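Participant: Structure supplied as run14.cif; contents: mmCIF, C-alpha atoms.
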```cif
data_my_file
#
loop_
_atom_site.label_atom_id
_atom_site.label_comp_id
_atom_site.auth_asym_id
_atom_site.auth_seq_id
_atom_site.Cartn_x
_atom_site.Cartn_y
_atom_site.Cartn_z
CA MET A 1 35.36 -6.62 6.04
CA ARG A 2 34.19 -4.31 3.29
CA ILE A 3 31.14 -5.03 1.20
CA LYS A 4 32.21 -5.96 -2.30
CA PHE A 5 30.64 -5.01 -5.61
CA ILE A 6 31.01 -6.02 -9.22
CA THR A 7 31.93 -3.26 -11.66
CA GLU A 8 29.27 -2.00 -14.05
CA GLU A 9 31.25 -3.35 -17.00
CA GLY A 10 31.70 -6.64 -15.19
CA LEU A 11 27.98 -6.87 -14.48
CA LEU A 12 27.10 -6.42 -18.13
CA ALA A 13 29.73 -8.94 -19.17
CA ALA A 14 28.54 -11.46 -16.57
CA LYS A 15 24.95 -11.20 -17.77
CA SER A 16 26.03 -11.64 -21.38
CA ASN A 17 28.14 -14.66 -20.50
CA TYR A 18 25.80 -16.33 -18.00
CA PRO A 19 25.68 -19.66 -19.90
CA THR A 20 29.47 -19.92 -19.62
CA ILE A 21 29.43 -18.77 -16.00
CA PHE A 22 26.84 -21.43 -15.22
CA LYS A 23 28.97 -24.17 -16.77
CA GLU A 24 32.41 -23.14 -15.53
CA VAL A 25 31.83 -21.25 -12.27
CA ILE A 26 28.53 -22.42 -10.81
CA LYS A 27 28.35 -26.04 -11.96
CA LYS A 28 31.89 -27.29 -12.63
CA LYS A 29 33.66 -24.96 -10.16
CA SER A 30 36.62 -24.94 -12.53
CA ALA A 31 37.23 -21.20 -12.09
CA ASP A 32 36.05 -18.25 -10.05
CA LEU A 33 34.44 -15.24 -11.73
CA PRO A 34 37.55 -12.98 -11.96
CA THR A 35 39.58 -15.84 -13.45
CA LEU A 36 36.90 -16.79 -15.96
CA MET A 37 36.44 -13.18 -17.02
CA ASN A 38 40.24 -12.64 -17.05
CA ASP A 39 39.82 -9.55 -14.89
CA ASN A 40 41.11 -9.45 -11.32
CA THR A 41 39.47 -6.04 -10.79
CA ILE A 42 35.95 -7.15 -11.71
CA ILE A 43 35.11 -7.57 -7.99
CA ARG A 44 36.11 -4.61 -5.84
CA ASP A 45 35.81 -3.45 -2.23
CA SER A 46 33.31 -0.70 -1.51
CA SER A 47 33.83 1.84 1.26
CA ILE A 48 31.13 0.17 3.42
CA GLU A 49 32.58 -1.66 6.42
CA ILE A 50 30.67 -4.52 8.07
CA GLU A 51 31.47 -7.38 10.44
CA GLU A 52 32.37 -10.55 8.58
CA PHE A 53 29.69 -13.24 8.50
CA SER A 54 28.96 -16.57 6.87
CA PHE A 55 25.80 -18.15 5.50
CA ASP A 56 24.02 -21.00 7.26
CA MET A 57 24.12 -24.10 5.04
CA SER A 58 23.56 -26.66 7.77
CA GLN A 59 20.14 -28.08 6.91
CA ASP A 60 19.22 -30.90 4.54
CA ARG A 61 16.29 -28.77 3.41
CA PRO A 62 17.81 -25.45 2.25
CA THR A 63 14.59 -23.48 2.78
CA ALA A 64 14.91 -24.25 6.49
CA THR A 65 17.88 -21.88 6.65
CA ASP A 66 16.05 -18.85 5.24
CA VAL A 67 15.17 -17.22 8.56
CA GLU A 68 18.66 -17.70 9.98
CA ASN A 69 20.26 -16.31 6.82
CA ILE A 70 17.92 -13.33 6.86
CA ARG A 71 19.07 -12.70 10.43
CA ARG A 72 22.73 -12.95 9.45
CA VAL A 73 22.51 -10.75 6.37
CA TYR A 74 20.25 -8.11 7.87
CA ASN A 75 21.99 -7.99 11.26
CA HIS A 76 25.33 -7.37 9.58
CA MET A 77 24.09 -5.11 6.79
CA LYS A 78 21.16 -3.21 8.28
CA GLY A 79 23.20 -0.01 7.99
CA LEU A 80 22.69 -0.01 4.21
CA SER A 81 20.38 2.65 2.84
CA GLU A 82 17.50 1.61 0.59
CA SER A 83 19.46 3.01 -2.33
CA GLN A 84 22.56 0.99 -1.50
CA ALA A 85 20.48 -2.15 -0.91
CA SER A 86 18.90 -1.65 -4.34
CA ASP A 87 22.29 -1.72 -6.08
CA GLU A 88 22.50 -4.86 -8.18
CA ARG A 89 26.29 -4.68 -8.21
CA ILE A 90 26.49 -5.43 -4.47
CA TRP A 91 24.25 -8.48 -4.61
CA VAL A 92 25.82 -9.96 -7.73
CA ALA A 93 29.20 -9.80 -5.97
CA PHE A 94 27.57 -12.06 -3.37
CA THR A 95 25.68 -14.39 -5.71
CA LEU A 96 28.57 -15.03 -8.10
CA TYR A 97 31.57 -14.60 -5.82
CA GLN A 98 31.66 -14.39 -2.03
CA GLY A 99 28.29 -16.09 -1.50
CA LEU A 100 28.53 -18.56 -4.36
CA ASP A 101 28.66 -21.65 -2.13
CA TYR A 102 25.43 -20.51 -0.50
CA MET A 103 23.84 -19.95 -3.91
CA ARG A 104 24.80 -23.46 -4.98
CA TYR A 105 23.26 -24.76 -1.77
CA ARG A 106 20.03 -22.74 -1.90
CA TRP A 107 19.42 -21.92 -5.56
CA MET A 108 21.49 -24.30 -7.71
CA PRO A 109 20.28 -23.92 -11.31
CA GLU A 110 19.40 -27.06 -13.24
CA ASN A 111 20.58 -25.60 -16.53
CA GLU A 112 21.93 -22.36 -18.01
CA GLY A 113 18.42 -21.00 -18.55
CA ASP A 114 17.31 -21.63 -14.99
CA LYS A 115 17.21 -19.21 -12.03
CA PHE A 116 18.82 -16.25 -13.82
CA ASP A 117 16.81 -13.91 -11.58
CA ARG A 118 18.32 -15.52 -8.48
CA PHE A 119 21.81 -14.45 -9.56
CA PHE A 120 21.00 -11.10 -11.19
CA PHE A 121 18.19 -8.54 -11.24
CA LYS A 122 15.95 -9.66 -14.08
CA ASN A 123 14.14 -6.83 -15.89
CA ALA A 124 15.29 -4.43 -13.18
CA LYS A 125 14.53 -1.40 -15.32
CA HIS A 126 11.05 -2.45 -16.35
CA GLY A 127 7.75 -2.62 -14.47
CA TYR A 128 7.70 -2.89 -10.70
CA SER A 129 11.25 -1.90 -9.71
CA LYS A 130 11.22 -3.61 -6.31
CA ARG A 131 10.43 -7.09 -7.57
CA PRO A 132 14.01 -8.08 -8.51
CA LEU A 133 15.07 -7.32 -4.93
CA PHE A 134 12.84 -10.13 -3.65
CA ARG A 135 13.97 -12.54 -6.36
CA ASN A 136 17.75 -12.23 -6.21
CA GLY A 137 19.08 -15.02 -3.97
CA VAL A 138 20.93 -12.77 -1.51
CA ALA A 139 19.22 -9.40 -1.92
CA ARG A 140 15.94 -11.07 -0.90
CA LEU A 141 17.45 -11.94 2.49
CA TRP A 142 18.20 -8.28 3.22
CA TRP A 143 14.88 -7.00 1.89
CA ILE A 144 12.76 -9.57 3.71
CA GLY A 145 14.64 -8.55 6.84
CA TYR A 146 14.07 -4.87 6.12
CA HIS A 147 10.32 -5.39 5.74
CA THR A 148 9.87 -7.68 8.74
CA TYR A 149 12.50 -6.77 11.37
CA ASP A 150 10.94 -5.13 14.43
CA ALA A 151 13.50 -3.76 16.88
CA LYS A 152 10.76 -3.09 19.46
CA SER A 153 9.67 -6.72 19.67
CA ALA A 154 11.04 -9.24 22.17
CA ASN A 155 11.71 -11.36 19.10
CA PRO A 156 12.70 -8.87 16.36
CA TYR A 157 12.37 -11.57 13.71
CA GLU A 158 8.92 -12.87 14.66
CA LEU A 159 7.34 -11.38 11.55
CA THR A 160 10.19 -12.85 9.51
CA GLU A 161 9.49 -16.31 10.88
CA PHE A 162 5.82 -15.93 10.00
CA VAL A 163 6.33 -14.80 6.42
CA CYS A 164 9.02 -17.42 5.74
CA ARG A 165 6.67 -20.29 6.53
CA ASP A 166 5.53 -20.33 2.92
CA GLN A 167 7.05 -18.92 -0.26
CA ASP A 168 3.51 -17.96 -1.25
CA TYR A 169 3.37 -15.65 1.79
CA ILE A 170 6.54 -13.93 0.60
CA ASN A 171 5.18 -13.61 -2.92
CA ASN A 172 1.89 -12.10 -1.79
CA LEU A 173 3.04 -9.93 1.09
CA LEU A 174 6.43 -8.70 -0.11
CA ASP A 175 7.02 -9.43 -3.80
CA ILE A 176 4.18 -7.06 -4.77
CA GLY A 177 3.33 -3.38 -5.19
CA PHE A 178 2.59 -2.29 -1.63
CA ALA A 179 5.89 -3.72 -0.35
CA SER A 180 7.66 -0.52 -1.36
CA ASN A 181 6.90 0.70 2.18
CA ALA A 182 8.14 -1.30 5.18
CA THR A 183 5.54 0.25 7.51
CA ILE A 184 2.74 -1.15 5.35
CA SER A 185 4.36 -4.58 5.17
CA LYS A 186 4.90 -4.79 8.93
CA ALA A 187 1.35 -3.64 9.70
CA VAL A 188 -0.18 -6.21 7.33
CA ILE A 189 2.02 -9.09 8.49
CA GLY A 190 1.62 -8.05 12.12
CA ALA A 191 -2.17 -8.11 11.81
CA LEU A 192 -2.08 -11.57 10.22
CA LEU A 193 0.17 -12.89 12.97
CA ASP A 194 -2.04 -11.42 15.70
CA ALA A 195 -5.11 -12.86 14.01
CA GLU A 196 -3.51 -16.28 14.22
CA LYS A 197 -2.71 -15.74 17.90
CA ASN A 198 -6.42 -14.98 18.35
CA GLY A 199 -7.47 -18.27 16.81
CA VAL A 200 -7.85 -17.37 13.13
CA ALA A 201 -6.57 -20.08 10.78
CA ILE A 202 -4.01 -18.50 8.46
CA ASN A 203 -3.55 -20.10 5.06
CA ARG A 204 -2.58 -19.17 1.52
CA ASP A 205 -6.11 -18.21 0.52
CA LEU A 206 -6.46 -15.75 3.40
CA VAL A 207 -3.02 -14.26 2.78
CA ARG A 208 -3.84 -13.79 -0.91
CA SER A 209 -7.17 -12.18 -0.11
CA ILE A 210 -5.52 -9.76 2.33
CA SER A 211 -2.88 -8.92 -0.25
CA GLN A 212 -5.60 -8.15 -2.78
CA TYR A 213 -7.48 -6.10 -0.19
CA VAL A 214 -4.42 -3.96 0.56
CA ASN A 215 -3.93 -3.30 -3.13
CA LEU A 216 -7.59 -2.26 -3.36
CA LEU A 217 -7.03 0.10 -0.42
CA GLY A 218 -4.19 1.60 -2.44
CA GLY A 219 -6.78 2.76 -4.97
CA ILE A 220 -8.73 4.56 -2.24
CA TYR A 221 -6.03 5.88 0.09
CA VAL A 222 -2.46 7.04 -0.30
CA LEU A 223 -1.14 4.15 1.77
CA ASP A 224 2.23 5.78 2.31
CA CYS A 225 0.42 8.50 4.27
CA LEU A 226 -1.30 6.08 6.63
CA SER A 227 0.27 5.12 9.96
CA TYR A 228 1.07 1.59 11.09
CA ASP A 229 -1.95 1.65 13.44
CA GLU A 230 -4.33 2.82 10.71
CA ILE A 231 -3.26 0.05 8.33
CA TYR A 232 -3.23 -2.55 11.09
CA SER A 233 -6.79 -1.59 12.10
CA LYS A 234 -8.09 -1.94 8.55
CA ILE A 235 -6.56 -5.41 8.21
CA LYS A 236 -7.86 -6.42 11.64
CA GLU A 237 -11.36 -5.32 10.67
CA LYS A 238 -11.15 -7.15 7.35
CA ILE A 239 -10.07 -10.40 8.98
CA GLY A 240 -12.50 -9.94 11.87
CA PHE A 241 -10.70 -10.69 15.08
#
```
As structure tokens - that is how I would like this structure written.
Facilitator:
Amino acid sequence: MRIKFITEEGLLAAKSNYPTIFKEVIKKKSADLPTLMNDNTIIRDSSIEIEEFSFDMSQDRPTATDVENIRRVYNHMKGLSESQASDERIWVAFTLYQGLDYMRYRWMPENEGDKFDRFFFKNAKHGYSKRPLFRNGVARLWWIGYHTYDAKSANPYELTEFVCRDQDYINNLLDIGFASNATISKAVIGALLDAEKNGVAINRDLVRSISQYVNLLGGIYVLDCLSYDEIYSKIKEKIGF
């Protein structure tokens, strides 16, 4: 299959008409997006070929499928560049079209003003540019995978499993400033996981304090210039294991 995308004009129109899309497409299921927008070309095929996949919607508790869906999205789409994976048009084609059933399952809005940032990139051109990537309901799956997948590990998604235990872990370790660099993310998460394996109790307070510590380090060092081992060592020393 080819990865689909919504046209730029279609994206703008969809954002402007989100209340109607919520009522007719997401909630009532009375029409799909091209039909509602009266434009059969609003969703198009890109030139990027991937193996077809489906989302896991098998659990009564939707959050329990996050790790498996990260695996599915990232395994099939890991060939995307950071630039391609930052393209809102690709992810909106998923959230409002080919992945809409998953979005209803995982992120069903309660009303037309709810969860806009799960379907689109909210304030994508303002402030921290990476944040919308970890908020959009499908883009987040790819980006969490990108920042946690370790091909060298016996379990490449071990860091993913750790960070997905708690939405607060995702917020503090990925949906923040230093998560613009996957090496930093993996070093920080890897150190936390190893601390736990060495008997340290990991909880929200510790994760938040480590997140704050890394941001403080960013005021002293150019973190992008530090290696995985250098960052890992600093976190290990801070935690004390």
Participant: Taking a cut-off of 9 Å and counting all atoms listed in the file, can you build a table that, for each residue of stretch 126-227 of chain A near stretch 231-237 of chain A, reports the nearest atom pair and how far apart they are in Å (one decimal), sorted by chain then residue number, as JSON lines?
Facilitator:
```
{"residue": "A:Thr183", "atom": "CA", "partner": "A:Ile231", "partner_atom": "CA", "distance": 8.8}
{"residue": "A:Ile184", "atom": "CA", "partner": "A:Ile231", "partner_atom": "CA", "distance": 6.8}
{"residue": "A:Lys186", "atom": "CA", "partner": "A:Tyr232", "partner_atom": "CA", "distance": 8.7}
{"residue": "A:Ala187", "atom": "CA", "partner": "A:Tyr232", "partner_atom": "CA", "distance": 4.9}
{"residue": "A:Val188", "atom": "CA", "partner": "A:Tyr232", "partner_atom": "CA", "distance": 6.1}
{"residue": "A:Ile189", "atom": "CA", "partner": "A:Tyr232", "partner_atom": "CA", "distance": 8.8}
{"residue": "A:Gly190", "atom": "CA", "partner": "A:Tyr232", "partner_atom": "CA", "distance": 7.4}
{"residue": "A:Ala191", "atom": "CA", "partner": "A:Tyr232", "partner_atom": "CA", "distance": 5.7}
{"residue": "A:Leu192", "atom": "CA", "partner": "A:Lys236", "partner_atom": "CA", "distance": 7.9}
{"residue": "A:Asp194", "atom": "CA", "partner": "A:Lys236", "partner_atom": "CA", "distance": 8.7}
{"residue": "A:Ala195", "atom": "CA", "partner": "A:Lys236", "partner_atom": "CA", "distance": 7.4}
{"residue": "A:Ile210", "atom": "CA", "partner": "A:Ile235", "partner_atom": "CA", "distance": 7.4}
{"residue": "A:Tyr213", "atom": "CA", "partner": "A:Ile235", "partner_atom": "CA", "distance": 8.5}
{"residue": "A:Val214", "atom": "CA", "partner": "A:Ile235", "partner_atom": "CA", "distance": 8.1}
{"residue": "A:Leu223", "atom": "CA", "partner": "A:Ile231", "partner_atom": "CA", "distance": 8.0}
{"residue": "A:Leu226", "atom": "CA", "partner": "A:Ile231", "partner_atom": "CA", "distance": 6.6}
{"residue": "A:Ser227", "atom": "CA", "partner": "A:Ile231", "partner_atom": "CA", "distance": 6.4}
```
Participant: Just the selected residues (C-alpha atoms), exported as an mmCIF file, keeping the file's coordinate frame, please.
Facilitator:
```cif
data_model
loop_
_atom_site.group_PDB
_atom_site.id
_atom_site.type_symbol
_atom_site.label_atom_id
_atom_site.label_comp_id
_atom_site.auth_asym_id
_atom_site.auth_seq_id
_atom_site.Cartn_x
_atom_site.Cartn_y
_atom_site.Cartn_z
ATOM 1 C CA THR A 183 5.540 0.250 7.510
ATOM 2 C CA ILE A 184 2.740 -1.150 5.350
ATOM 3 C CA LYS A 186 4.900 -4.790 8.930
ATOM 4 C CA ALA A 187 1.350 -3.640 9.700
ATOM 5 C CA VAL A 188 -0.180 -6.210 7.330
ATOM 6 C CA ILE A 189 2.020 -9.090 8.490
ATOM 7 C CA GLY A 190 1.620 -8.050 12.120
ATOM 8 C CA ALA A 191 -2.170 -8.110 11.810
ATOM 9 C CA LEU A 192 -2.080 -11.570 10.220
ATOM 10 C CA ASP A 194 -2.040 -11.420 15.700
ATOM 11 C CA ALA A 195 -5.110 -12.860 14.010
ATOM 12 C CA ILE A 210 -5.520 -9.760 2.330
ATOM 13 C CA TYR A 213 -7.480 -6.100 -0.190
ATOM 14 C CA VAL A 214 -4.420 -3.960 0.560
ATOM 15 C CA LEU A 223 -1.140 4.150 1.770
ATOM 16 C CA LEU A 226 -1.300 6.080 6.630
ATOM 17 C CA SER A 227 0.270 5.120 9.960
#
```
Participant: For A:Leu173, which residue out of A:Ser47, A:Thr95, A:Thr160, A:Ser211 is the nearest one, using all atoms listed in the file?
Facilitator: A:Ser211
Participant: Find the distance between atom CA of A:Met37 and atom CA of A:Leu100 and write it in Å to one decimal.
Facilitator: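 Atom-to-atom, atom CA of A:Met37 to atom CA of A:Leu100, that is 15.9 Å.
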Participant: Which one of A:Phe116, A:Leu33, A:Val67, A:Arg72 sits closest to A:Glu51 if you count only C-alpha atoms?
Facilitator: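 Among the listed residues, the smallest separation from A:Glu51 belongs to A:Arg72.
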Participant: Compile the contact shell of stretch 18-20 of chain A as an mmCIF file with C-alpha atoms, keeping the file's coordinate frame: residues with an atom at most 12 Å away, counting all atoms listed in the file, same-chain residues fewer than 3 positions apart removed.
Facilitator:
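Written output follows (result05.cif):
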```cif
data_model
loop_
_atom_site.group_PDB
_atom_site.id
_atom_site.type_symbol
_atom_site.label_atom_id
_atom_site.label_comp_id
_atom_site.auth_asym_id
_atom_site.auth_seq_id
_atom_site.Cartn_x
_atom_site.Cartn_y
_atom_site.Cartn_z
ATOM 1 C CA GLY A 10 31.700 -6.640 -15.190
ATOM 2 C CA LEU A 11 27.980 -6.870 -14.480
ATOM 3 C CA LEU A 12 27.100 -6.420 -18.130
ATOM 4 C CA ALA A 13 29.730 -8.940 -19.170
ATOM 5 C CA ALA A 14 28.540 -11.460 -16.570
ATOM 6 C CA LYS A 15 24.950 -11.200 -17.770
ATOM 7 C CA LYS A 23 28.970 -24.170 -16.770
ATOM 8 C CA GLU A 24 32.410 -23.140 -15.530
ATOM 9 C CA VAL A 25 31.830 -21.250 -12.270
ATOM 10 C CA ILE A 26 28.530 -22.420 -10.810
ATOM 11 C CA LYS A 27 28.350 -26.040 -11.960
ATOM 12 C CA LYS A 28 31.890 -27.290 -12.630
ATOM 13 C CA LYS A 29 33.660 -24.960 -10.160
ATOM 14 C CA SER A 30 36.620 -24.940 -12.530
ATOM 15 C CA ALA A 31 37.230 -21.200 -12.090
ATOM 16 C CA ASP A 32 36.050 -18.250 -10.050
ATOM 17 C CA LEU A 33 34.440 -15.240 -11.730
ATOM 18 C CA LEU A 36 36.900 -16.790 -15.960
ATOM 19 C CA MET A 37 36.440 -13.180 -17.020
ATOM 20 C CA LEU A 96 28.570 -15.030 -8.100
ATOM 21 C CA PRO A 109 20.280 -23.920 -11.310
ATOM 22 C CA GLU A 110 19.400 -27.060 -13.240
ATOM 23 C CA ASN A 111 20.580 -25.600 -16.530
ATOM 24 C CA GLU A 112 21.930 -22.360 -18.010
ATOM 25 C CA GLY A 113 18.420 -21.000 -18.550
ATOM 26 C CA ASP A 114 17.310 -21.630 -14.990
ATOM 27 C CA LYS A 115 17.210 -19.210 -12.030
ATOM 28 C CA PHE A 116 18.820 -16.250 -13.820
ATOM 29 C CA ASP A 117 16.810 -13.910 -11.580
ATOM 30 C CA PHE A 119 21.810 -14.450 -9.560
ATOM 31 C CA PHE A 120 21.000 -11.100 -11.190
#
```
Participant: Name the closest residue to A:Trp143 among the candidates A:Ser86, A:Asn123, A:Asn171, A:Gln98; distances are taken between atoms, counting all atoms listed in the file.
Facilitator: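 Smallest separation from A:Trp143 among the options: A:Ser86.
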Participant: Take the PyMOL selection byres ((chain A and resi 77-80) around 12), run it mentally on this structure, and tell me the resulting residues as a PyMOL selection string.
Facilitator: chain A and resi 1-3+47-53+69-76+81-87+90-91+138-139+141-147+149+151
Participant: Taking the file as I've supplied it (selection: the PyMOL selection byres ((chain A and resi 203) around 12)), which residues are included? Please answer as a list in words.
Facilitator: Phe162, Val163, Arg165, Asp166, Gln167, Asp168, Tyr169, Asn172, Leu192, Leu193, Ala195, Glu196, Val200, Ala201, Ile202, Arg204, Asp205, Leu206, Val207, Arg208, Ser209 and Ile210 of chain A
Participant: Please indicate the distance in Å from atom CA of A:Ala64 to atom CA of A:Lys4, rounded to one decimal place.
Facilitator: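 These two atoms are separated by 26.7 Å.
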Participant: What is the atom CA of A:Arg131 to atom CA of A:Ser180 distance in Å?
Facilitator: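 Computing the Euclidean distance for atom CA of A:Arg131 and atom CA of A:Ser180 yields 9.5 Å.
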Participant: Once you add 4 Å to each side, what are the centre and edge lengths of the axis-aligned box holding all listed atoms of stretch 32-43 of chain A? One decimal in Å, as JSON, if you can.
Facilitator:
```
{"center_x": 37.8, "center_y": -12.1, "center_z": -12.5, "size_x": 14.7, "size_y": 20.2, "size_z": 17.1}
```
Participant: Under the rule that only C-alpha atoms are counted, which of A:Lys197, A:Glu8, A:Tyr105, A:Asn181 is the nearest residue to A:Met57?
Facilitator: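 Between A:Lys197, A:Glu8, A:Tyr105, A:Asn181, the residue approaching A:Met57 most closely is A:Tyr105.
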Participant: Given the choices A:Pro132, A:Gly219, A:Gly99, A:Pro156, which gets closest to A:Ser54 if the distance is worked out from all atoms listed in the file?
Facilitator: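 Of the candidates, the smallest distance to A:Ser54 is held by A:Gly99.
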Participant: Which residue is closest to A:Arg140? Choose from A:Gln212, A:Glu161, A:Ile170, A:Ala154 and count all atoms listed in the file.
Facilitator: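 Going through A:Gln212, A:Glu161, A:Ile170, A:Ala154 one by one, the smallest distance to A:Arg140 is for A:Ile170.
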Participant: Extract, using all atoms listed in the file, all DNA, RNA and protein residues at most 7 Å from A:Arg118, discarding same-chain residues fewer than 6 positions from it, and format them as a list in words.
Facilitator: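 Those residues are Arg135, Asn136 and Gly137 of chain A.
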Participant: Could you tell me which residues the PyMOL selection byres ((chain A and resi 106) around 9) returns for this structure, as an NGL selection string?
Facilitator: :A and (57 or 61-63 or 65 or 101-105 or 107-108 or 137)
Participant: Complete the atom set of stretch 80-92 of chain A to N, CA and C atoms and return it as a compact mmCIF listing (two decimals), in the frame of the given file.
Facilitator:
```
# COMPACT_ATOMS: atom_id res chain seq x y z
N LEU A 80 22.85 -0.43 5.61
CA LEU A 80 22.69 -0.01 4.21
C LEU A 80 21.46 0.87 4.06
N SER A 81 21.56 1.86 3.21
CA SER A 81 20.38 2.65 2.84
C SER A 81 19.56 1.86 1.83
N GLU A 82 18.32 2.27 1.61
CA GLU A 82 17.50 1.61 0.59
C GLU A 82 18.16 1.69 -0.77
N SER A 83 18.79 2.83 -1.05
CA SER A 83 19.46 3.01 -2.33
C SER A 83 20.62 2.04 -2.48
N GLN A 84 21.43 1.92 -1.44
CA GLN A 84 22.56 0.99 -1.50
C GLN A 84 22.07 -0.45 -1.62
N ALA A 85 21.01 -0.79 -0.89
CA ALA A 85 20.48 -2.15 -0.91
C ALA A 85 19.73 -2.46 -2.20
N SER A 86 19.54 -1.47 -3.04
CA SER A 86 18.90 -1.65 -4.34
C SER A 86 19.93 -1.75 -5.47
N ASP A 87 21.20 -1.71 -5.10
CA ASP A 87 22.29 -1.72 -6.08
C ASP A 87 22.62 -3.16 -6.47
N GLU A 88 22.28 -3.49 -7.68
CA GLU A 88 22.50 -4.86 -8.18
C GLU A 88 23.95 -5.28 -8.07
N ARG A 89 24.86 -4.34 -8.20
CA ARG A 89 26.29 -4.68 -8.21
C ARG A 89 26.73 -5.30 -6.89
N ILE A 90 26.15 -4.87 -5.78
CA ILE A 90 26.49 -5.43 -4.47
C ILE A 90 26.04 -6.88 -4.37
N TRP A 91 24.81 -7.14 -4.78
CA TRP A 91 24.25 -8.48 -4.61
C TRP A 91 24.83 -9.48 -5.58
N VAL A 92 25.20 -9.04 -6.77
CA VAL A 92 25.82 -9.96 -7.73
C VAL A 92 27.23 -10.35 -7.26
```
